[in-house]
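With PDB, C-alpha atoms inside, this is entry_39.pdb:
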```
ATOM      1  CA  MET A   8      18.328 123.079  86.078  1.00  0.00           C
ATOM      2  CA  VAL A   9      17.808 119.690  87.758  1.00  0.00           C
ATOM      3  CA  ASN A  10      20.816 118.246  85.876  1.00  0.00           C
ATOM      4  CA  LEU A  11      22.964 121.152  87.027  1.00  0.00           C
ATOM      5  CA  LEU A  12      21.893 120.572  90.647  1.00  0.00           C
ATOM      6  CA  LEU A  13      22.581 116.836  90.381  1.00  0.00           C
ATOM      7  CA  THR A  14      26.017 117.473  88.888  1.00  0.00           C
ATOM      8  CA  GLY A  15      26.814 119.887  91.706  1.00  0.00           C
ATOM      9  CA  LEU A  16      25.615 117.411  94.327  1.00  0.00           C
ATOM     10  CA  MET A  17      27.697 114.626  92.772  1.00  0.00           C
ATOM     11  CA  MET A  18      30.775 116.863  92.889  1.00  0.00           C
ATOM     12  CA  ILE A  19      30.139 117.568  96.578  1.00  0.00           C
ATOM     13  CA  LEU A  20      29.647 113.876  97.365  1.00  0.00           C
ATOM     14  CA  ALA A  21      32.479 112.609  95.145  1.00  0.00           C
ATOM     15  CA  PRO A  22      35.381 111.194  97.131  1.00  0.00           C
ATOM     16  CA  ALA A  23      38.416 113.460  97.198  1.00  0.00           C
ATOM     17  CA  SER A  24      40.864 110.681  98.094  1.00  0.00           C
ATOM     18  CA  ILE A  25      40.952 107.109  99.356  1.00  0.00           C
ATOM     19  CA  TYR A  26      40.670 108.568 102.845  1.00  0.00           C
ATOM     20  CA  ASP A  27      36.953 108.995 102.143  1.00  0.00           C
ATOM     21  CA  PHE A  28      36.447 105.207 102.096  1.00  0.00           C
ATOM     22  CA  THR A  29      35.916 102.587 104.777  1.00  0.00           C
ATOM     23  CA  ALA A  30      36.517  98.896 104.169  1.00  0.00           C
ATOM     24  CA  GLU A  31      35.925  95.766 106.188  1.00  0.00           C
ATOM     25  CA  THR A  32      39.085  94.049 107.438  1.00  0.00           C
ATOM     26  CA  ILE A  33      39.602  90.342 106.944  1.00  0.00           C
ATOM     27  CA  ASP A  34      38.620  89.976 110.619  1.00  0.00           C
ATOM     28  CA  GLY A  35      35.272  91.739 110.085  1.00  0.00           C
ATOM     29  CA  LYS A  36      36.036  95.181 111.546  1.00  0.00           C
ATOM     30  CA  LEU A  37      35.280  98.406 109.715  1.00  0.00           C
ATOM     31  CA  GLN A  38      38.493 100.248 108.890  1.00  0.00           C
ATOM     32  CA  PRO A  39      38.394 103.888 107.777  1.00  0.00           C
ATOM     33  CA  LEU A  40      41.178 104.286 105.240  1.00  0.00           C
ATOM     34  CA  SER A  41      41.742 107.740 106.735  1.00  0.00           C
ATOM     35  CA  GLU A  42      43.736 105.895 109.415  1.00  0.00           C
ATOM     36  CA  TYR A  43      46.496 105.609 106.793  1.00  0.00           C
ATOM     37  CA  LYS A  44      46.727 109.393 106.251  1.00  0.00           C
ATOM     38  CA  GLY A  45      50.261 110.523 105.539  1.00  0.00           C
ATOM     39  CA  LYS A  46      51.434 107.079 104.437  1.00  0.00           C
ATOM     40  CA  VAL A  47      52.301 105.851 100.977  1.00  0.00           C
ATOM     41  CA  ILE A  48      49.861 103.026 100.242  1.00  0.00           C
ATOM     42  CA  LEU A  49      49.999 100.159  97.768  1.00  0.00           C
ATOM     43  CA  VAL A  50      46.505  98.742  97.227  1.00  0.00           C
ATOM     44  CA  VAL A  51      46.484  95.281  95.629  1.00  0.00           C
ATOM     45  CA  ASN A  52      43.612  92.994  94.606  1.00  0.00           C
ATOM     46  CA  VAL A  53      44.830  89.523  95.571  1.00  0.00           C
ATOM     47  CA  ALA A  54      43.814  85.887  95.072  1.00  0.00           C
ATOM     48  CA  SER A  55      45.027  82.607  96.585  1.00  0.00           C
ATOM     49  CA  LYS A  56      44.783  80.369  93.520  1.00  0.00           C
ATOM     50  CA  CYS A  57      46.278  82.570  90.799  1.00  0.00           C
ATOM     51  CA  GLY A  58      49.443  82.286  88.765  1.00  0.00           C
ATOM     52  CA  TYR A  59      50.518  85.525  90.471  1.00  0.00           C
ATOM     53  CA  THR A  60      49.802  84.298  94.030  1.00  0.00           C
ATOM     54  CA  GLY A  61      53.550  83.987  94.634  1.00  0.00           C
ATOM     55  CA  GLN A  62      53.624  87.806  94.630  1.00  0.00           C
ATOM     56  CA  TYR A  63      52.444  87.611  98.244  1.00  0.00           C
ATOM     57  CA  GLU A  64      56.067  86.817  99.122  1.00  0.00           C
ATOM     58  CA  ASP A  65      57.396  89.941  97.393  1.00  0.00           C
ATOM     59  CA  LEU A  66      54.545  92.094  98.715  1.00  0.00           C
ATOM     60  CA  GLU A  67      55.496  91.045 102.245  1.00  0.00           C
ATOM     61  CA  ALA A  68      59.204  91.690 101.510  1.00  0.00           C
ATOM     62  CA  LEU A  69      58.319  95.148 100.174  1.00  0.00           C
ATOM     63  CA  TYR A  70      56.211  95.825 103.256  1.00  0.00           C
ATOM     64  CA  GLN A  71      59.010  94.788 105.601  1.00  0.00           C
ATOM     65  CA  LYS A  72      61.498  96.946 103.698  1.00  0.00           C
ATOM     66  CA  TYR A  73      59.398 100.128 103.758  1.00  0.00           C
ATOM     67  CA  LYS A  74      56.880  99.893 106.629  1.00  0.00           C
ATOM     68  CA  ASP A  75      59.106 101.841 109.030  1.00  0.00           C
ATOM     69  CA  LYS A  76      59.531 104.547 106.373  1.00  0.00           C
ATOM     70  CA  GLY A  77      55.779 105.167 106.072  1.00  0.00           C
ATOM     71  CA  VAL A  78      54.583 102.625 103.490  1.00  0.00           C
ATOM     72  CA  VAL A  79      51.658 100.255 103.956  1.00  0.00           C
ATOM     73  CA  ILE A  80      50.316  97.553 101.662  1.00  0.00           C
ATOM     74  CA  LEU A  81      46.585  96.847 101.693  1.00  0.00           C
ATOM     75  CA  GLY A  82      45.493  93.472 100.315  1.00  0.00           C
ATOM     76  CA  PHE A  83      41.943  93.080  99.007  1.00  0.00           C
ATOM     77  CA  PRO A  84      41.014  89.493  98.071  1.00  0.00           C
ATOM     78  CA  ALA A  85      38.702  89.272  95.068  1.00  0.00           C
ATOM     79  CA  ASN A  86      37.069  86.368  93.253  1.00  0.00           C
ATOM     80  CA  ASN A  87      36.372  88.229  90.004  1.00  0.00           C
ATOM     81  CA  PHE A  88      38.819  86.392  87.777  1.00  0.00           C
ATOM     82  CA  GLY A  89      38.514  82.672  87.116  1.00  0.00           C
ATOM     83  CA  GLY A  90      37.138  81.901  90.578  1.00  0.00           C
ATOM     84  CA  GLN A  91      40.689  82.149  91.930  1.00  0.00           C
ATOM     85  CA  GLU A  92      39.673  83.365  95.401  1.00  0.00           C
ATOM     86  CA  PRO A  93      36.916  80.951  96.426  1.00  0.00           C
ATOM     87  CA  GLY A  94      37.702  80.810 100.156  1.00  0.00           C
ATOM     88  CA  SER A  95      36.081  82.540 103.087  1.00  0.00           C
ATOM     89  CA  ASN A  96      37.841  85.440 104.779  1.00  0.00           C
ATOM     90  CA  LYS A  97      38.976  83.053 107.522  1.00  0.00           C
ATOM     91  CA  GLU A  98      40.420  80.622 104.952  1.00  0.00           C
ATOM     92  CA  ILE A  99      42.132  83.439 103.036  1.00  0.00           C
ATOM     93  CA  LYS A 100      43.728  84.794 106.213  1.00  0.00           C
ATOM     94  CA  GLN A 101      44.924  81.309 107.194  1.00  0.00           C
ATOM     95  CA  PHE A 102      46.418  80.762 103.732  1.00  0.00           C
ATOM     96  CA  CYS A 103      48.192  84.138 103.645  1.00  0.00           C
ATOM     97  CA  THR A 104      49.684  83.866 107.116  1.00  0.00           C
ATOM     98  CA  SER A 105      50.687  80.190 107.017  1.00  0.00           C
ATOM     99  CA  ARG A 106      51.981  80.070 103.443  1.00  0.00           C
ATOM    100  CA  TYR A 107      53.450  83.574 102.985  1.00  0.00           C
ATOM    101  CA  ASN A 108      53.711  84.994 106.522  1.00  0.00           C
ATOM    102  CA  VAL A 109      51.672  88.018 105.443  1.00  0.00           C
ATOM    103  CA  THR A 110      51.675  90.751 108.083  1.00  0.00           C
ATOM    104  CA  PHE A 111      50.434  93.687 105.992  1.00  0.00           C
ATOM    105  CA  PRO A 112      46.760  94.638 106.433  1.00  0.00           C
ATOM    106  CA  MET A 113      44.315  92.349 104.666  1.00  0.00           C
ATOM    107  CA  PHE A 114      40.693  93.184 104.007  1.00  0.00           C
ATOM    108  CA  ALA A 115      37.517  91.176 103.498  1.00  0.00           C
ATOM    109  CA  LYS A 116      36.888  89.744 100.071  1.00  0.00           C
ATOM    110  CA  VAL A 117      35.394  92.336  97.717  1.00  0.00           C
ATOM    111  CA  SER A 118      34.406  92.645  94.091  1.00  0.00           C
ATOM    112  CA  VAL A 119      36.864  94.769  92.105  1.00  0.00           C
ATOM    113  CA  LYS A 120      34.930  94.765  88.826  1.00  0.00           C
ATOM    114  CA  GLY A 121      31.352  94.705  87.589  1.00  0.00           C
ATOM    115  CA  GLU A 122      28.017  95.834  88.975  1.00  0.00           C
ATOM    116  CA  ASP A 123      28.925  94.886  92.543  1.00  0.00           C
ATOM    117  CA  GLN A 124      32.335  96.574  92.395  1.00  0.00           C
ATOM    118  CA  HIS A 125      33.476  97.940  95.767  1.00  0.00           C
ATOM    119  CA  SER A 126      33.313 101.745  95.750  1.00  0.00           C
ATOM    120  CA  LEU A 127      37.058 102.025  96.522  1.00  0.00           C
ATOM    121  CA  PHE A 128      37.917 100.158  93.320  1.00  0.00           C
ATOM    122  CA  ARG A 129      35.355 102.121  91.313  1.00  0.00           C
ATOM    123  CA  TYR A 130      37.171 105.240  92.515  1.00  0.00           C
ATOM    124  CA  LEU A 131      40.676 103.863  91.849  1.00  0.00           C
ATOM    125  CA  THR A 132      39.911 102.596  88.342  1.00  0.00           C
ATOM    126  CA  THR A 133      38.513 105.961  87.241  1.00  0.00           C
ATOM    127  CA  GLN A 134      41.261 108.229  88.592  1.00  0.00           C
ATOM    128  CA  GLU A 135      43.581 109.878  86.112  1.00  0.00           C
ATOM    129  CA  ASN A 136      47.196 108.866  86.463  1.00  0.00           C
ATOM    130  CA  PRO A 137      50.245 108.702  84.186  1.00  0.00           C
ATOM    131  CA  ASP A 138      49.766 104.987  83.546  1.00  0.00           C
ATOM    132  CA  PHE A 139      46.233 103.912  82.566  1.00  0.00           C
ATOM    133  CA  THR A 140      42.598 103.886  83.723  1.00  0.00           C
ATOM    134  CA  GLY A 141      39.721 101.482  83.322  1.00  0.00           C
ATOM    135  CA  ASP A 142      38.694  98.106  84.630  1.00  0.00           C
ATOM    136  CA  ILE A 143      41.047  95.819  86.480  1.00  0.00           C
ATOM    137  CA  ARG A 144      42.015  93.028  84.103  1.00  0.00           C
ATOM    138  CA  TRP A 145      43.241  90.371  86.541  1.00  0.00           C
ATOM    139  CA  ASN A 146      44.376  89.599  90.072  1.00  0.00           C
ATOM    140  CA  PHE A 147      47.326  91.453  91.630  1.00  0.00           C
ATOM    141  CA  GLU A 148      46.877  94.818  89.935  1.00  0.00           C
ATOM    142  CA  LYS A 149      48.508  97.464  92.097  1.00  0.00           C
ATOM    143  CA  PHE A 150      47.590 101.066  92.897  1.00  0.00           C
ATOM    144  CA  LEU A 151      50.231 103.341  94.438  1.00  0.00           C
ATOM    145  CA  ILE A 152      48.654 106.061  96.565  1.00  0.00           C
ATOM    146  CA  GLY A 153      50.558 109.164  97.681  1.00  0.00           C
ATOM    147  CA  GLN A 154      50.685 110.603 101.173  1.00  0.00           C
ATOM    148  CA  ASN A 155      47.758 112.848 100.220  1.00  0.00           C
ATOM    149  CA  GLY A 156      45.510 109.844  99.505  1.00  0.00           C
ATOM    150  CA  LYS A 157      45.522 110.310  95.738  1.00  0.00           C
ATOM    151  CA  LEU A 158      46.472 107.782  93.060  1.00  0.00           C
ATOM    152  CA  LEU A 159      50.010 108.237  91.750  1.00  0.00           C
ATOM    153  CA  HIS A 160      50.649 105.107  89.680  1.00  0.00           C
ATOM    154  CA  ARG A 161      48.959 101.913  88.624  1.00  0.00           C
ATOM    155  CA  TYR A 162      50.644  98.651  87.685  1.00  0.00           C
ATOM    156  CA  ARG A 163      49.288  95.594  85.885  1.00  0.00           C
ATOM    157  CA  SER A 164      49.307  92.129  87.438  1.00  0.00           C
ATOM    158  CA  GLY A 165      52.644  91.061  85.970  1.00  0.00           C
ATOM    159  CA  ALA A 166      54.552  93.904  87.640  1.00  0.00           C
ATOM    160  CA  ASP A 167      56.560  92.322  90.441  1.00  0.00           C
ATOM    161  CA  PRO A 168      56.185  94.232  93.725  1.00  0.00           C
ATOM    162  CA  LEU A 169      60.003  94.452  94.013  1.00  0.00           C
ATOM    163  CA  ASP A 170      60.364  95.820  90.483  1.00  0.00           C
ATOM    164  CA  ASP A 171      62.827  98.709  90.284  1.00  0.00           C
ATOM    165  CA  ASP A 172      60.163 101.037  88.854  1.00  0.00           C
ATOM    166  CA  ILE A 173      57.766 100.351  91.742  1.00  0.00           C
ATOM    167  CA  GLU A 174      60.490 100.884  94.333  1.00  0.00           C
ATOM    168  CA  LYS A 175      61.575 104.080  92.559  1.00  0.00           C
ATOM    169  CA  ASP A 176      57.972 105.323  92.571  1.00  0.00           C
ATOM    170  CA  ILE A 177      57.637 104.484  96.279  1.00  0.00           C
ATOM    171  CA  SER A 178      60.876 106.354  97.073  1.00  0.00           C
ATOM    172  CA  GLU A 179      59.640 109.372  95.125  1.00  0.00           C
ATOM    173  CA  ALA A 180      56.303 109.295  96.933  1.00  0.00           C
ATOM    174  CA  LEU A 181      58.062 109.272 100.295  1.00  0.00           C
ATOM    175  CA  LYS A 182      59.897 112.548  99.573  1.00  0.00           C
TER     176      LYS A 182
END
```

Structure translated into C-alpha cells:
Amino acid sequence: MVNLLLTGLMMILAPASIYDFTAETIDGKLQPLSEYKGKVILVVNVASKCGYTGQYEDLEALYQKYKDKGVVILGFPANNFGGQEPGSNKEIKQFCTSRYNVTFPMFAKVSVKGEDQHSLFRYLTTQENPDFTGDIRWNFEKFLIGQNGKLLHRYRSGADPLDDDIEKDISEALK
C-alpha cells in the first residue's frame, strides 16, 4: 500500500515538461523555463575548452537565423567531462561574448551527469524520444524541445548545430 502511494505521489510530482524547471542564469538570476512556453528550444551542455567549443559559432548562427521565428537556444556550461569548463560564470560569460559573440541565453554552470546532476538534465536524459536516452557522454549534446515543452530529438556532441537534420527538425517543430 505504501509503495502504491509513493508511486502515485511521484507521478503527481513528476515534471510534465521542461516548463516545470527553473534554472539560474549566468548572471545569477532564477529563470523559470516556463518563460519559453510556445518556443522551440535547443538545450545544449557547453564547455569553453573542448574540441567542440567552436560549435558556439554555429549555435549563435542558428539562433540568429531562427530567433524571430520562435526558436531559442539555452546554453548550460558543465565541467563534467575532462575539466573542460573550469571557469567561473563570469569568466564563461566573458569568453562566450568576446570570442563567439554569444547572444542566446546562457545559464550558470551545472552538473549534467552523476549524483549532483541538475534536475533538468536528469529529466531530459530519461525522456523517451526517437533517438536515444541515457547519460550525456560529452560536451555539446543537444536536446530539441517542442513548443509544448517536451523532448522531440536528441543529438550527440558531434552533430553540428547547422546540420541539415537539426534544421529540418527545427522547421518541423515550428509547424

If you count all atoms listed in the file, the residue of A:Ala68, A:Val119, A:Leu81, A:Ile25 closest to Tyr107 of chain A turns out to be A:Ala68

Would you kindly return, as number ranges by chain, each protein, DNA or RNA residue with an atom no farther than 9 Å from any atom of Pro93 of chain A, considering only C-alpha atoms and excluding same-chain residues fewer than 4 positions away? A: 54-56, 85-86, 99

Min atom-atom distance to Lys116 of chain A from the set A:Val53, A:Val47, A:Ala21, A:Leu37, counting all atoms listed in the file, belongs to A:Val53

Gln154 of chain A proximity check over A:Ser178, A:Thr104, A:Asn96, A:Thr32, using only C-alpha atoms: winner is A:Ser178

Of A:Glu42, A:Asp170, A:Glu179, A:Asp142, the one sitting nearest Phe28 of chain A when using all atoms listed in the file is A:Glu42

Can you list what the PyMOL selection byres ((chain A and resi 89) around 10) grabs from this structure, as number ranges by chain?
A: 56-57, 86-88, 90-93, 145-146

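Each of A:Lys44, A:Lys36, A:Lys72, A:His125 was compared to Gly153 of chain A using only C-alpha atoms, and A:Lys44 turns out to be the nearest.
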
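In this model, the gap between atom CA of Arg129 of chain A and atom CA of Arg144 of chain A comes to 13.4 Å.
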
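Here atom CA of Ala166 of chain A stands at a distance of 29.7 Å from atom CA of Gly35 of chain A.
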
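Taking only C-alpha atoms into account, Asp176 of chain A lies nearest to A:Val78 out of the set A:Leu131, A:Val78, A:Asn52, A:Glu67.
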
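Counting from atom CA of Pro22 of chain A, the distance to atom CA of Gln124 of chain A is 15.7 Å.
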
Output the residue selection produced by the PyMOL selection byres ((chain A and resi 48) around 6) on the file above, formatted as an MDAnalysis selection string.
-> chainID A and resid 47 49 78:80 151:152

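For the structure shown here, the set of residues caught by the PyMOL selection byres ((chain A and resi 59) around 8) is Cys57, Gly58, Thr60, Gly61, Gln62, Asn146, Phe147, Ser164 and Gly165 of chain A.
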
What are the centre and edge lengths in Å, to one decimal, of the axis-aligned box around all listed atoms of segment 160-168 of chain A with 5 Å added on each side, as JSON?
```
{"center_x": 52.8, "center_y": 98.1, "center_z": 89.8, "size_x": 17.6, "size_y": 24.0, "size_z": 17.8}
```

Since the input lacks atoms, please generate N, CA and C atoms for segment 28-61 of chain A and provide them as a compact mmCIF listing (two decimals), keeping the file's coordinate frame.
```txt
# COMPACT_ATOMS: atom_id res chain seq x y z
N PHE A 28 37.03 106.55 102.14
CA PHE A 28 36.45 105.21 102.10
C PHE A 28 36.68 104.45 103.41
N THR A 29 35.79 103.53 103.67
CA THR A 29 35.92 102.59 104.78
C THR A 29 35.79 101.20 104.16
N ALA A 30 36.58 100.27 104.67
CA ALA A 30 36.52 98.90 104.17
C ALA A 30 36.51 97.94 105.36
N GLU A 31 35.96 96.78 105.15
CA GLU A 31 35.92 95.77 106.19
C GLU A 31 37.24 94.99 106.18
N THR A 32 37.85 94.83 107.35
CA THR A 32 39.08 94.05 107.44
C THR A 32 38.76 92.57 107.29
N ILE A 33 39.79 91.78 107.09
CA ILE A 33 39.60 90.34 106.94
C ILE A 33 39.02 89.72 108.21
N ASP A 34 39.17 90.43 109.34
CA ASP A 34 38.62 89.98 110.62
C ASP A 34 37.23 90.55 110.90
N GLY A 35 36.64 91.27 109.94
CA GLY A 35 35.27 91.74 110.08
C GLY A 35 35.08 93.09 110.75
N LYS A 36 36.15 93.85 110.93
CA LYS A 36 36.04 95.18 111.55
C LYS A 36 36.03 96.24 110.45
N LEU A 37 35.26 97.31 110.67
CA LEU A 37 35.28 98.41 109.72
C LEU A 37 36.52 99.25 109.93
N GLN A 38 37.22 99.52 108.84
CA GLN A 38 38.49 100.25 108.89
C GLN A 38 38.41 101.49 108.00
N PRO A 39 38.32 102.68 108.60
CA PRO A 39 38.39 103.89 107.78
C PRO A 39 39.80 103.99 107.17
N LEU A 40 39.86 104.17 105.88
CA LEU A 40 41.18 104.29 105.24
C LEU A 40 41.87 105.59 105.62
N SER A 41 41.14 106.49 106.24
CA SER A 41 41.74 107.74 106.74
C SER A 41 42.78 107.45 107.82
N GLU A 42 42.74 106.26 108.41
CA GLU A 42 43.74 105.90 109.42
C GLU A 42 45.13 105.73 108.81
N TYR A 43 45.20 105.72 107.48
CA TYR A 43 46.50 105.61 106.79
C TYR A 43 46.97 106.97 106.26
N LYS A 44 46.33 108.05 106.70
CA LYS A 44 46.73 109.39 106.25
C LYS A 44 48.21 109.62 106.46
N GLY A 45 48.85 110.20 105.45
CA GLY A 45 50.26 110.52 105.54
C GLY A 45 51.18 109.39 105.13
N LYS A 46 50.62 108.22 104.86
CA LYS A 46 51.43 107.08 104.44
C LYS A 46 51.36 106.93 102.92
N VAL A 47 52.35 106.29 102.37
CA VAL A 47 52.30 105.85 100.98
C VAL A 47 51.66 104.47 101.02
N ILE A 48 50.66 104.25 100.18
CA ILE A 48 49.86 103.03 100.24
C ILE A 48 49.93 102.30 98.90
N LEU A 49 50.11 100.99 98.96
CA LEU A 49 50.00 100.16 97.77
C LEU A 49 48.78 99.26 97.96
N VAL A 50 47.73 99.52 97.18
CA VAL A 50 46.50 98.74 97.23
C VAL A 50 46.62 97.65 96.16
N VAL A 51 46.35 96.40 96.56
CA VAL A 51 46.48 95.28 95.63
C VAL A 51 45.26 94.37 95.74
N ASN A 52 44.67 94.01 94.59
CA ASN A 52 43.61 92.99 94.61
C ASN A 52 44.30 91.64 94.47
N VAL A 53 44.08 90.78 95.46
CA VAL A 53 44.83 89.52 95.57
C VAL A 53 43.92 88.31 95.42
N ALA A 54 44.55 87.15 95.18
CA ALA A 54 43.81 85.89 95.07
C ALA A 54 44.76 84.74 95.43
N SER A 55 44.23 83.72 96.07
CA SER A 55 45.03 82.61 96.58
C SER A 55 45.33 81.51 95.58
N LYS A 56 44.60 81.47 94.47
CA LYS A 56 44.78 80.37 93.52
C LYS A 56 45.09 80.90 92.12
N CYS A 57 45.95 81.87 92.04
CA CYS A 57 46.28 82.57 90.80
C CYS A 57 47.74 82.30 90.44
N GLY A 58 48.05 82.41 89.19
CA GLY A 58 49.44 82.29 88.76
C GLY A 58 50.34 83.35 89.39
N TYR A 59 49.75 84.44 89.84
CA TYR A 59 50.52 85.52 90.47
C TYR A 59 50.51 85.43 92.00
N THR A 60 49.92 84.40 92.57
CA THR A 60 49.80 84.30 94.03
C THR A 60 51.16 84.38 94.72
N GLY A 61 52.20 83.90 94.07
CA GLY A 61 53.55 83.99 94.63
C GLY A 61 53.98 85.41 94.93
```
